[in-house]
Amino acid sequence: MPAAPLPQRDGVDAVRLRLPEDPEGVWPTVGAYLLGRYGTAVGAERIGAMLEAGRFVGADGRAAAGAEPYEPGRWLWFHRDLPAEERVPFEIGVVHRDERILVADKPHFLATTPRGRHVAQTAVARLRAELELPALQPAHRLDRLTAGLVLFVLRPEDRGAYQLLFKERRVRKEYEAVAAYDPGVELPVTVRSRIEKERGVLAAREVPGEPNAVSRIELVERRGGLGRYRLLPETGKTHQLRVHMNALGLPILDDPLYPVVREDGPEDYRRPLRLLARALEFTDPFTGEERRFVSRLSLGPLSGPG
């Protein structure tokens with residue numbers, strides 16, 4: 001595959017597409033194909049304007065004209081129009097950086113990678129732009145509302161080895177959460193359940209069946225009606241820790257989904273989800289070194305009466 005002829009914009013890669021085979025000759029021109037693929041989503045006029053402005057570019061760096069004959073297998077790149085995004089008003093801390101990896105402290109409310117309405121306001125896009133690291137890629141994902149450690153890889157050829165650590169569960173993750181304290185909940189406890197997350201549904205749910213999610217929950221500190229908890233997930237299902245804490249009757253403080261889905265609205269940056277990815281431990285796949293990284297962020301002191 002040829003290299004992208006377009007540089008990143010605000011840390012976001014250009015969209016890459018390859019013209020598919022067309023044995024029935026449905027698309028006589030490049031413009032006909034682009035209208036067929038994107039016209040319904042963004043409108044024929046918008047596609048026409050983008051072609052007129054030379055925004056679709058081939059591997060040779062030359063703008064593609066809509067009237068050019070269709071060539072199956074041809075690569076094209078273009079920058080999509082980014083959604084209007086409010087800047088997440090928190091900085092990203094760098095905990096560690098060497099020739100292969102960068103470990104960042106992602107703040108609450110910032111997505112890890114572009115998705116949906118969050119594109120430039122994501123950790124990977126902002127770090128690429130701020131640190132001038134266009135090849136930077138995450139080795140795993142951290143939920144947008146959760147703060148804490150994310151491991152990024154500086155070189156594309158190294159990414160697979162670090163991703164495999166997470167896929168094979170060879171990374172020990174430690175989280176911290178603030179939630180209600182209930183003396184009736186016996187801790188520590190290991191929670192095992194089956195969690196499913198339906199596409200288009202905000203909250204995940206526990207269902208009958210073979211467990212696919214395992215979390216150890218420990219109480220670290222309590223003050224009045226609040227507790228600070230250490231959460232040690234053995235698996236990585238979507239919203240796993242939030243679901244398991246809620247199932248114990250200890251929903252994490254300021255969680256907009258559990259136990260009740262909060263109505264969508266403007267972000268309240270004063271009330272972040274009190275969940276922090278506090279530590280990562282693993283054996284480096286290249287050096288064999290035991291690595292441990294600890295977040296510099298804090299969920300703050302427990303409030304409430306003594």
# chains A, B, ... in the order shown; residues from 1 in each chain; ligands from 1
>>> residues_around(residues="range 116-120 of chain A", least_positions_apart="6", cutoff="10 Å", atoms="only C-alpha atoms", output="list in words")
Arg9, Asp10, Gly11, Val12, Leu82, Pro83, Ala84, Glu85, Glu86, Arg87, Leu110, Arg126, Ala129 and Arg144 of chain A
>>> select_by_dssp(residues="range 14-76 of chain A", states="alpha helix (DSSP H)", output="JSON, numbers by chain")
{"A": [30, 31, 32, 33, 34, 35, 36, 37, 38, 39, 40, 41, 42, 44, 45, 46, 47, 48, 49, 50, 51, 52]}
>>> write_last_selection(atoms="C-alpha atoms", output="PDB file, in the first residue's frame")
ATOM      1  CA  VAL A  30     -14.239   8.560 -10.253  1.00  0.00           C
ATOM      2  CA  GLY A  31     -16.966  11.107  -9.530  1.00  0.00           C
ATOM      3  CA  ALA A  32     -19.720   8.554 -10.104  1.00  0.00           C
ATOM      4  CA  TYR A  33     -18.186   6.207  -7.553  1.00  0.00           C
ATOM      5  CA  LEU A  34     -17.686   8.920  -4.922  1.00  0.00           C
ATOM      6  CA  LEU A  35     -21.277  10.103  -5.358  1.00  0.00           C
ATOM      7  CA  GLY A  36     -22.523   6.538  -5.026  1.00  0.00           C
ATOM      8  CA  ARG A  37     -20.519   5.887  -1.873  1.00  0.00           C
ATOM      9  CA  TYR A  38     -20.767   9.196  -0.029  1.00  0.00           C
ATOM     10  CA  GLY A  39     -23.536  11.185  -1.734  1.00  0.00           C
ATOM     11  CA  THR A  40     -26.343   9.925   0.485  1.00  0.00           C
ATOM     12  CA  ALA A  41     -24.405  10.678   3.677  1.00  0.00           C
ATOM     13  CA  VAL A  42     -23.072  14.165   2.871  1.00  0.00           C
ATOM     14  CA  ALA A  44     -24.131  15.282  -3.946  1.00  0.00           C
ATOM     15  CA  GLU A  45     -23.356  18.994  -3.825  1.00  0.00           C
ATOM     16  CA  ARG A  46     -20.779  18.475  -1.098  1.00  0.00           C
ATOM     17  CA  ILE A  47     -19.018  15.720  -3.044  1.00  0.00           C
ATOM     18  CA  GLY A  48     -19.006  17.915  -6.126  1.00  0.00           C
ATOM     19  CA  ALA A  49     -17.504  20.809  -4.180  1.00  0.00           C
ATOM     20  CA  MET A  50     -14.793  18.577  -2.713  1.00  0.00           C
ATOM     21  CA  LEU A  51     -13.856  17.307  -6.184  1.00  0.00           C
ATOM     22  CA  GLU A  52     -13.814  20.856  -7.512  1.00  0.00           C
TER      23      GLU A  52
END
>>> closest_residue(among="A:Ile101, A:Leu76, A:Val88, A:Met245", to="Tyr181 in chain A", atoms="only C-alpha atoms")
A:Met245
>>> closest_atom_pairs(of="range 96-202 of chain A", to="range 260-277 of chain A", cutoff="6 Å", atoms="only C-alpha atoms", output="tab-separated table")
residue	atom	partner	partner_atom	distance
A:Thr146	CA	A:Leu275	CA	5.5
A:Ala147	CA	A:Leu276	CA	4.9
A:Gly148	CA	A:Ala277	CA	4.3
A:Leu149	CA	A:Ala277	CA	5.5
A:Tyr175	CA	A:Ala277	CA	4.5
A:Glu176	CA	A:Leu276	CA	5.1
A:Ala177	CA	A:Leu275	CA	4.5
A:Val178	CA	A:Arg274	CA	5.5
>>> residues_around(residues="Arg74 in chain A", least_positions_apart="6", cutoff="8 Å", atoms="only C-alpha atoms", output="ChimeraX atom specification")
/A:18-19,58
>>> residues_around(residues="Lys237 in chain A", least_positions_apart="6", cutoff="10 Å", atoms="only C-alpha atoms", output="VMD selection string")
chain A and resid 194 to 197 204 212 to 214 243
>>> write_last_selection(atoms="all heavy atoms", output="short mmCIF file (atom, residue, chain, number, x, y, z; two decimals), in the first residue's frame")
data_model
loop_
_atom_site.label_atom_id
_atom_site.label_comp_id
_atom_site.auth_asym_id
_atom_site.auth_seq_id
_atom_site.Cartn_x
_atom_site.Cartn_y
_atom_site.Cartn_z
N ARG A 194 -21.28 -12.34 33.11
CA ARG A 194 -21.28 -12.21 31.65
C ARG A 194 -21.83 -10.83 31.30
O ARG A 194 -22.96 -10.48 31.69
CB ARG A 194 -22.11 -13.29 30.98
CG ARG A 194 -22.05 -13.22 29.45
CD ARG A 194 -22.58 -14.47 28.77
NE ARG A 194 -22.22 -14.45 27.37
CZ ARG A 194 -21.06 -14.85 26.88
NH1 ARG A 194 -20.13 -15.34 27.71
NH2 ARG A 194 -20.79 -14.79 25.59
N ILE A 195 -21.04 -10.03 30.60
CA ILE A 195 -21.43 -8.66 30.23
C ILE A 195 -21.58 -8.58 28.71
O ILE A 195 -20.72 -9.05 27.96
CB ILE A 195 -20.37 -7.64 30.71
CG1 ILE A 195 -20.32 -7.62 32.24
CG2 ILE A 195 -20.69 -6.25 30.17
CD1 ILE A 195 -19.26 -6.69 32.81
N GLU A 196 -22.68 -7.97 28.28
CA GLU A 196 -22.90 -7.74 26.85
C GLU A 196 -23.19 -6.26 26.63
O GLU A 196 -23.83 -5.61 27.46
CB GLU A 196 -24.06 -8.58 26.33
CG GLU A 196 -23.76 -10.08 26.32
CD GLU A 196 -24.86 -10.90 25.68
OE1 GLU A 196 -25.91 -10.30 25.29
OE2 GLU A 196 -24.70 -12.12 25.57
N LYS A 197 -22.69 -5.76 25.51
CA LYS A 197 -22.90 -4.35 25.15
C LYS A 197 -23.48 -4.32 23.74
O LYS A 197 -22.82 -4.72 22.78
CB LYS A 197 -21.57 -3.59 25.21
CG LYS A 197 -21.62 -2.15 24.70
CD LYS A 197 -22.30 -1.24 25.68
CE LYS A 197 -22.04 0.23 25.36
NZ LYS A 197 -22.50 0.64 24.03
N ALA A 204 -23.89 -1.06 29.12
CA ALA A 204 -23.73 -2.51 29.02
C ALA A 204 -24.59 -3.16 30.10
O ALA A 204 -25.08 -2.49 31.02
CB ALA A 204 -22.27 -2.90 29.19
N ASN A 212 -17.67 -13.78 31.23
CA ASN A 212 -16.63 -13.28 30.33
C ASN A 212 -15.94 -12.05 30.90
O ASN A 212 -15.13 -11.41 30.23
CB ASN A 212 -17.20 -12.97 28.95
CG ASN A 212 -18.27 -11.87 28.98
OD1 ASN A 212 -18.57 -11.31 30.04
ND2 ASN A 212 -18.84 -11.56 27.84
N ALA A 213 -16.28 -11.70 32.16
CA ALA A 213 -15.72 -10.52 32.80
C ALA A 213 -15.41 -10.84 34.27
O ALA A 213 -16.28 -11.33 34.99
CB ALA A 213 -16.69 -9.35 32.72
N VAL A 214 -14.16 -10.56 34.67
CA VAL A 214 -13.72 -10.86 36.04
C VAL A 214 -13.01 -9.64 36.61
O VAL A 214 -12.09 -9.10 36.00
CB VAL A 214 -12.77 -12.08 36.06
CG1 VAL A 214 -12.35 -12.40 37.50
CG2 VAL A 214 -13.41 -13.29 35.40
N VAL A 243 -19.84 -1.63 35.56
CA VAL A 243 -20.94 -2.58 35.69
C VAL A 243 -20.80 -3.40 36.97
O VAL A 243 -21.77 -3.60 37.71
CB VAL A 243 -21.00 -3.50 34.46
CG1 VAL A 243 -21.98 -4.66 34.68
CG2 VAL A 243 -21.42 -2.71 33.21
#
>>> atom_distance(atom1="CA of Arg242 in chain A", atom2="CA of Asp105 in chain A")
19.8 Å
>>> atom_distance(atom1="CA of Arg128 in chain A", atom2="CA of Arg172 in chain A")
26.4 Å
>>> closest_residue(among="A:Leu164, A:Leu187, A:Val171, A:Val94", to="Val220 in chain A", atoms="only C-alpha atoms")
A:Leu187
>>> closest_residue(among="A:Pro7, A:Pro138, A:Pro28, A:Gly288", to="His79 in chain A", atoms="only C-alpha atoms")
A:Pro7
>>> residues_around(residues="Gln8 in chain A", least_positions_apart="4", cutoff="12 Å", atoms="only C-alpha atoms", output="ChimeraX atom specification")
/A:4,12-15,77-80,120,124-126,128-129,132-136
>>> residues_around(residues="Ala104 in chain A", least_positions_apart="5", cutoff="9 Å", atoms="only C-alpha atoms", output="JSON, numbers by chain")
{"A": [92, 93, 94, 95, 96, 97, 123, 148, 149, 150, 151, 152, 295]}
>>> closest_residue(among="A:Leu297, A:Leu6, A:Ile252, A:Val191", to="Glu234 in chain A", atoms="only C-alpha atoms")
A:Val191
>>> select_by_dssp(residues="range 192-264 of chain A", states="strand (DSSP E or B)", output="ChimeraX atom specification")
/A:192-196,205-207,213-223,226-233,252
>>> atom_distance(atom1="CA of Pro156 in chain A", atom2="CA of Gln137 in chain A")
7.5 Å
>>> residues_around(residues="Glu186 in chain A", least_positions_apart="2", cutoff="12 Å", atoms="only C-alpha atoms", output="PDB file with all heavy atoms, in the first residue's frame")
ATOM      1  N   TYR A 181     -19.710   3.890  50.415  1.00  0.00           N
ATOM      2  CA  TYR A 181     -19.249   2.826  51.313  1.00  0.00           C
ATOM      3  C   TYR A 181     -20.461   2.139  51.916  1.00  0.00           C
ATOM      4  O   TYR A 181     -21.391   2.798  52.399  1.00  0.00           O
ATOM      5  CB  TYR A 181     -18.374   3.391  52.423  1.00  0.00           C
ATOM      6  CG  TYR A 181     -18.084   2.377  53.502  1.00  0.00           C
ATOM      7  CD1 TYR A 181     -17.228   1.314  53.267  1.00  0.00           C
ATOM      8  CD2 TYR A 181     -18.704   2.473  54.764  1.00  0.00           C
ATOM      9  CE1 TYR A 181     -16.979   0.366  54.250  1.00  0.00           C
ATOM     10  CE2 TYR A 181     -18.456   1.529  55.754  1.00  0.00           C
ATOM     11  CZ  TYR A 181     -17.594   0.474  55.486  1.00  0.00           C
ATOM     12  OH  TYR A 181     -17.365  -0.473  56.455  1.00  0.00           O
ATOM     13  N   ASP A 182     -20.465   0.820  51.860  1.00  0.00           N
ATOM     14  CA  ASP A 182     -21.567   0.040  52.415  1.00  0.00           C
ATOM     15  C   ASP A 182     -20.970  -1.082  53.258  1.00  0.00           C
ATOM     16  O   ASP A 182     -20.358  -2.007  52.717  1.00  0.00           O
ATOM     17  CB  ASP A 182     -22.431  -0.545  51.302  1.00  0.00           C
ATOM     18  CG  ASP A 182     -23.641  -1.305  51.826  1.00  0.00           C
ATOM     19  OD1 ASP A 182     -23.707  -1.571  53.044  1.00  0.00           O
ATOM     20  OD2 ASP A 182     -24.529  -1.631  51.015  1.00  0.00           O
ATOM     21  N   PRO A 183     -21.118  -1.010  54.573  1.00  0.00           N
ATOM     22  CA  PRO A 183     -20.529  -2.055  55.429  1.00  0.00           C
ATOM     23  C   PRO A 183     -21.143  -3.428  55.185  1.00  0.00           C
ATOM     24  O   PRO A 183     -20.569  -4.442  55.585  1.00  0.00           O
ATOM     25  CB  PRO A 183     -20.831  -1.553  56.852  1.00  0.00           C
ATOM     26  CG  PRO A 183     -22.004  -0.637  56.701  1.00  0.00           C
ATOM     27  CD  PRO A 183     -21.843   0.004  55.364  1.00  0.00           C
ATOM     28  N   GLY A 184     -22.277  -3.462  54.524  1.00  0.00           N
ATOM     29  CA  GLY A 184     -22.904  -4.739  54.235  1.00  0.00           C
ATOM     30  C   GLY A 184     -22.295  -5.470  53.050  1.00  0.00           C
ATOM     31  O   GLY A 184     -22.614  -6.642  52.809  1.00  0.00           O
ATOM     32  N   PRO A 188     -12.400  -7.867  50.451  1.00  0.00           N
ATOM     33  CA  PRO A 188     -12.359  -7.899  48.991  1.00  0.00           C
ATOM     34  C   PRO A 188     -13.238  -8.999  48.406  1.00  0.00           C
ATOM     35  O   PRO A 188     -13.583  -9.961  49.084  1.00  0.00           O
ATOM     36  CB  PRO A 188     -10.875  -8.152  48.694  1.00  0.00           C
ATOM     37  CG  PRO A 188     -10.399  -8.916  49.890  1.00  0.00           C
ATOM     38  CD  PRO A 188     -11.137  -8.348  51.056  1.00  0.00           C
ATOM     39  N   VAL A 189     -13.578  -8.827  47.130  1.00  0.00           N
ATOM     40  CA  VAL A 189     -14.411  -9.804  46.443  1.00  0.00           C
ATOM     41  C   VAL A 189     -13.997  -9.857  44.979  1.00  0.00           C
ATOM     42  O   VAL A 189     -13.546  -8.852  44.415  1.00  0.00           O
ATOM     43  CB  VAL A 189     -15.904  -9.433  46.573  1.00  0.00           C
ATOM     44  CG1 VAL A 189     -16.207  -8.126  45.838  1.00  0.00           C
ATOM     45  CG2 VAL A 189     -16.800 -10.542  46.039  1.00  0.00           C
ATOM     46  N   THR A 190     -14.109 -11.018  44.390  1.00  0.00           N
ATOM     47  CA  THR A 190     -13.883 -11.169  42.955  1.00  0.00           C
ATOM     48  C   THR A 190     -15.235 -11.379  42.291  1.00  0.00           C
ATOM     49  O   THR A 190     -15.963 -12.318  42.623  1.00  0.00           O
ATOM     50  CB  THR A 190     -12.958 -12.357  42.646  1.00  0.00           C
ATOM     51  OG1 THR A 190     -11.674 -12.113  43.243  1.00  0.00           O
ATOM     52  CG2 THR A 190     -12.773 -12.524  41.145  1.00  0.00           C
ATOM     53  N   VAL A 191     -15.576 -10.467  41.389  1.00  0.00           N
ATOM     54  CA  VAL A 191     -16.866 -10.511  40.698  1.00  0.00           C
ATOM     55  C   VAL A 191     -16.677 -11.166  39.340  1.00  0.00           C
ATOM     56  O   VAL A 191     -15.790 -10.773  38.572  1.00  0.00           O
ATOM     57  CB  VAL A 191     -17.449  -9.096  40.524  1.00  0.00           C
ATOM     58  CG1 VAL A 191     -18.818  -9.159  39.856  1.00  0.00           C
ATOM     59  CG2 VAL A 191     -17.533  -8.384  41.867  1.00  0.00           C
ATOM     60  N   ILE A 217     -12.316  -6.504  43.549  1.00  0.00           N
ATOM     61  CA  ILE A 217     -12.639  -5.220  44.161  1.00  0.00           C
ATOM     62  C   ILE A 217     -12.119  -5.207  45.590  1.00  0.00           C
ATOM     63  O   ILE A 217     -12.442  -6.099  46.385  1.00  0.00           O
ATOM     64  CB  ILE A 217     -14.169  -4.975  44.173  1.00  0.00           C
ATOM     65  CG1 ILE A 217     -14.807  -5.318  42.814  1.00  0.00           C
ATOM     66  CG2 ILE A 217     -14.473  -3.555  44.607  1.00  0.00           C
ATOM     67  CD1 ILE A 217     -14.373  -4.444  41.685  1.00  0.00           C
ATOM     68  N   GLU A 218     -11.323  -4.188  45.943  1.00  0.00           N
ATOM     69  CA  GLU A 218     -10.772  -4.073  47.289  1.00  0.00           C
ATOM     70  C   GLU A 218     -11.059  -2.675  47.828  1.00  0.00           C
ATOM     71  O   GLU A 218     -11.015  -1.690  47.080  1.00  0.00           O
ATOM     72  CB  GLU A 218      -9.248  -4.294  47.275  1.00  0.00           C
ATOM     73  CG  GLU A 218      -8.828  -5.636  46.697  1.00  0.00           C
ATOM     74  CD  GLU A 218      -7.313  -5.738  46.543  1.00  0.00           C
ATOM     75  OE1 GLU A 218      -6.619  -4.729  46.821  1.00  0.00           O
ATOM     76  OE2 GLU A 218      -6.829  -6.812  46.134  1.00  0.00           O
ATOM     77  N   LEU A 219     -11.339  -2.588  49.116  1.00  0.00           N
ATOM     78  CA  LEU A 219     -11.513  -1.298  49.770  1.00  0.00           C
ATOM     79  C   LEU A 219     -10.155  -0.817  50.279  1.00  0.00           C
ATOM     80  O   LEU A 219      -9.468  -1.527  51.010  1.00  0.00           O
ATOM     81  CB  LEU A 219     -12.501  -1.420  50.934  1.00  0.00           C
ATOM     82  CG  LEU A 219     -12.741  -0.138  51.755  1.00  0.00           C
ATOM     83  CD1 LEU A 219     -13.436   0.918  50.908  1.00  0.00           C
ATOM     84  CD2 LEU A 219     -13.567  -0.460  52.999  1.00  0.00           C
ATOM     85  N   LEU A 248     -22.587  -4.515  42.668  1.00  0.00           N
ATOM     86  CA  LEU A 248     -22.358  -4.665  44.105  1.00  0.00           C
ATOM     87  C   LEU A 248     -23.172  -3.664  44.927  1.00  0.00           C
ATOM     88  O   LEU A 248     -23.147  -3.696  46.156  1.00  0.00           O
ATOM     89  CB  LEU A 248     -20.871  -4.468  44.431  1.00  0.00           C
ATOM     90  CG  LEU A 248     -19.904  -5.553  43.953  1.00  0.00           C
ATOM     91  CD1 LEU A 248     -18.466  -5.127  44.229  1.00  0.00           C
ATOM     92  CD2 LEU A 248     -20.208  -6.893  44.626  1.00  0.00           C
ATOM     93  N   GLY A 249     -23.872  -2.771  44.234  1.00  0.00           N
ATOM     94  CA  GLY A 249     -24.584  -1.713  44.934  1.00  0.00           C
ATOM     95  C   GLY A 249     -23.699  -0.541  45.285  1.00  0.00           C
ATOM     96  O   GLY A 249     -24.041   0.267  46.155  1.00  0.00           O
ATOM     97  N   LEU A 250     -22.547  -0.447  44.588  1.00  0.00           N
ATOM     98  CA  LEU A 250     -21.565   0.615  44.839  1.00  0.00           C
ATOM     99  C   LEU A 250     -21.246   1.347  43.535  1.00  0.00           C
ATOM    100  O   LEU A 250     -20.090   1.354  43.077  1.00  0.00           O
ATOM    101  CB  LEU A 250     -20.271   0.017  45.423  1.00  0.00           C
ATOM    102  CG  LEU A 250     -20.404  -0.840  46.679  1.00  0.00           C
ATOM    103  CD1 LEU A 250     -19.073  -1.521  46.996  1.00  0.00           C
ATOM    104  CD2 LEU A 250     -20.873   0.000  47.859  1.00  0.00           C
TER     105      LEU A 250
END
>>> decode(residues="range 255-266 of chain A", atoms="all heavy atoms", output="PDB file, in the first residue's frame")
ATOM      1  N   ASP A 255     -21.142   8.631  37.854  1.00  0.00           N
ATOM      2  CA  ASP A 255     -21.254   7.816  36.644  1.00  0.00           C
ATOM      3  C   ASP A 255     -22.556   8.184  35.933  1.00  0.00           C
ATOM      4  O   ASP A 255     -23.643   8.061  36.511  1.00  0.00           O
ATOM      5  CB  ASP A 255     -21.258   6.326  36.998  1.00  0.00           C
ATOM      6  CG  ASP A 255     -21.061   5.438  35.783  1.00  0.00           C
ATOM      7  OD1 ASP A 255     -21.555   5.799  34.691  1.00  0.00           O
ATOM      8  OD2 ASP A 255     -20.407   4.390  35.913  1.00  0.00           O
ATOM      9  N   PRO A 256     -22.484   8.635  34.669  1.00  0.00           N
ATOM     10  CA  PRO A 256     -23.700   9.064  33.961  1.00  0.00           C
ATOM     11  C   PRO A 256     -24.530   7.912  33.387  1.00  0.00           C
ATOM     12  O   PRO A 256     -25.588   8.154  32.817  1.00  0.00           O
ATOM     13  CB  PRO A 256     -23.150   9.941  32.836  1.00  0.00           C
ATOM     14  CG  PRO A 256     -21.817   9.348  32.529  1.00  0.00           C
ATOM     15  CD  PRO A 256     -21.275   8.881  33.877  1.00  0.00           C
ATOM     16  N   LEU A 257     -24.053   6.662  33.541  1.00  0.00           N
ATOM     17  CA  LEU A 257     -24.770   5.523  32.971  1.00  0.00           C
ATOM     18  C   LEU A 257     -25.267   4.520  33.994  1.00  0.00           C
ATOM     19  O   LEU A 257     -26.287   3.860  33.788  1.00  0.00           O
ATOM     20  CB  LEU A 257     -23.875   4.786  31.963  1.00  0.00           C
ATOM     21  CG  LEU A 257     -23.421   5.559  30.725  1.00  0.00           C
ATOM     22  CD1 LEU A 257     -22.596   4.660  29.832  1.00  0.00           C
ATOM     23  CD2 LEU A 257     -24.618   6.115  29.969  1.00  0.00           C
ATOM     24  N   TYR A 258     -24.552   4.364  35.087  1.00  0.00           N
ATOM     25  CA  TYR A 258     -24.893   3.330  36.064  1.00  0.00           C
ATOM     26  C   TYR A 258     -25.067   3.978  37.440  1.00  0.00           C
ATOM     27  O   TYR A 258     -24.186   4.704  37.888  1.00  0.00           O
ATOM     28  CB  TYR A 258     -23.787   2.265  36.118  1.00  0.00           C
ATOM     29  CG  TYR A 258     -23.425   1.698  34.765  1.00  0.00           C
ATOM     30  CD1 TYR A 258     -22.353   2.217  34.043  1.00  0.00           C
ATOM     31  CD2 TYR A 258     -24.170   0.664  34.202  1.00  0.00           C
ATOM     32  CE1 TYR A 258     -22.021   1.714  32.794  1.00  0.00           C
ATOM     33  CE2 TYR A 258     -23.837   0.141  32.955  1.00  0.00           C
ATOM     34  CZ  TYR A 258     -22.769   0.674  32.256  1.00  0.00           C
ATOM     35  OH  TYR A 258     -22.434   0.170  31.021  1.00  0.00           O
ATOM     36  N   PRO A 259     -26.194   3.747  38.106  1.00  0.00           N
ATOM     37  CA  PRO A 259     -27.259   2.797  37.749  1.00  0.00           C
ATOM     38  C   PRO A 259     -28.301   3.335  36.783  1.00  0.00           C
ATOM     39  O   PRO A 259     -29.114   2.575  36.264  1.00  0.00           O
ATOM     40  CB  PRO A 259     -27.905   2.497  39.104  1.00  0.00           C
ATOM     41  CG  PRO A 259     -27.735   3.763  39.877  1.00  0.00           C
ATOM     42  CD  PRO A 259     -26.400   4.305  39.458  1.00  0.00           C
ATOM     43  N   VAL A 260     -28.343   4.666  36.549  1.00  0.00           N
ATOM     44  CA  VAL A 260     -29.365   5.256  35.680  1.00  0.00           C
ATOM     45  C   VAL A 260     -28.680   6.060  34.580  1.00  0.00           C
ATOM     46  O   VAL A 260     -27.750   6.830  34.854  1.00  0.00           O
ATOM     47  CB  VAL A 260     -30.310   6.181  36.498  1.00  0.00           C
ATOM     48  CG1 VAL A 260     -31.344   6.819  35.587  1.00  0.00           C
ATOM     49  CG2 VAL A 260     -30.993   5.393  37.615  1.00  0.00           C
ATOM     50  N   VAL A 261     -29.141   5.877  33.349  1.00  0.00           N
ATOM     51  CA  VAL A 261     -28.584   6.629  32.222  1.00  0.00           C
ATOM     52  C   VAL A 261     -29.044   8.081  32.315  1.00  0.00           C
ATOM     53  O   VAL A 261     -30.239   8.371  32.322  1.00  0.00           O
ATOM     54  CB  VAL A 261     -29.029   6.019  30.875  1.00  0.00           C
ATOM     55  CG1 VAL A 261     -28.524   6.863  29.712  1.00  0.00           C
ATOM     56  CG2 VAL A 261     -28.524   4.581  30.754  1.00  0.00           C
ATOM     57  N   ARG A 262     -28.073   8.973  32.427  1.00  0.00           N
ATOM     58  CA  ARG A 262     -28.372  10.399  32.534  1.00  0.00           C
ATOM     59  C   ARG A 262     -28.707  10.964  31.164  1.00  0.00           C
ATOM     60  O   ARG A 262     -28.158  10.535  30.145  1.00  0.00           O
ATOM     61  CB  ARG A 262     -27.154  11.117  33.117  1.00  0.00           C
ATOM     62  CG  ARG A 262     -27.374  12.577  33.480  1.00  0.00           C
ATOM     63  CD  ARG A 262     -26.057  13.214  33.926  1.00  0.00           C
ATOM     64  NE  ARG A 262     -25.453  12.477  35.023  1.00  0.00           N
ATOM     65  CZ  ARG A 262     -24.178  12.617  35.378  1.00  0.00           C
ATOM     66  NH1 ARG A 262     -23.375  13.421  34.696  1.00  0.00           N
ATOM     67  NH2 ARG A 262     -23.695  11.924  36.391  1.00  0.00           N
ATOM     68  N   GLU A 263     -29.607  11.923  31.109  1.00  0.00           N
ATOM     69  CA  GLU A 263     -29.954  12.543  29.840  1.00  0.00           C
ATOM     70  C   GLU A 263     -28.729  13.218  29.236  1.00  0.00           C
ATOM     71  O   GLU A 263     -27.915  13.807  29.929  1.00  0.00           O
ATOM     72  CB  GLU A 263     -31.063  13.585  30.042  1.00  0.00           C
ATOM     73  CG  GLU A 263     -32.422  12.992  30.385  1.00  0.00           C
ATOM     74  CD  GLU A 263     -33.501  14.054  30.431  1.00  0.00           C
ATOM     75  OE1 GLU A 263     -33.254  15.176  29.957  1.00  0.00           O
ATOM     76  OE2 GLU A 263     -34.593  13.757  30.939  1.00  0.00           O
ATOM     77  N   ASP A 264     -28.629  13.113  27.899  1.00  0.00           N
ATOM     78  CA  ASP A 264     -27.502  13.713  27.194  1.00  0.00           C
ATOM     79  C   ASP A 264     -27.583  15.230  27.309  1.00  0.00           C
ATOM     80  O   ASP A 264     -28.660  15.820  27.296  1.00  0.00           O
ATOM     81  CB  ASP A 264     -27.514  13.289  25.724  1.00  0.00           C
ATOM     82  CG  ASP A 264     -26.202  13.602  25.028  1.00  0.00           C
ATOM     83  OD1 ASP A 264     -25.189  13.787  25.730  1.00  0.00           O
ATOM     84  OD2 ASP A 264     -26.187  13.681  23.780  1.00  0.00           O
ATOM     85  N   GLY A 265     -26.450  15.854  27.436  1.00  0.00           N
ATOM     86  CA  GLY A 265     -26.413  17.307  27.562  1.00  0.00           C
ATOM     87  C   GLY A 265     -24.977  17.785  27.589  1.00  0.00           C
ATOM     88  O   GLY A 265     -24.044  17.007  27.364  1.00  0.00           O
ATOM     89  N   PRO A 266     -24.755  19.058  27.844  1.00  0.00           N
ATOM     90  CA  PRO A 266     -23.385  19.595  27.894  1.00  0.00           C
ATOM     91  C   PRO A 266     -22.552  18.884  28.957  1.00  0.00           C
ATOM     92  O   PRO A 266     -23.068  18.464  29.991  1.00  0.00           O
ATOM     93  CB  PRO A 266     -23.596  21.074  28.247  1.00  0.00           C
ATOM     94  CG  PRO A 266     -25.022  21.363  27.900  1.00  0.00           C
ATOM     95  CD  PRO A 266     -25.777  20.094  28.113  1.00  0.00           C
TER      96      PRO A 266
END
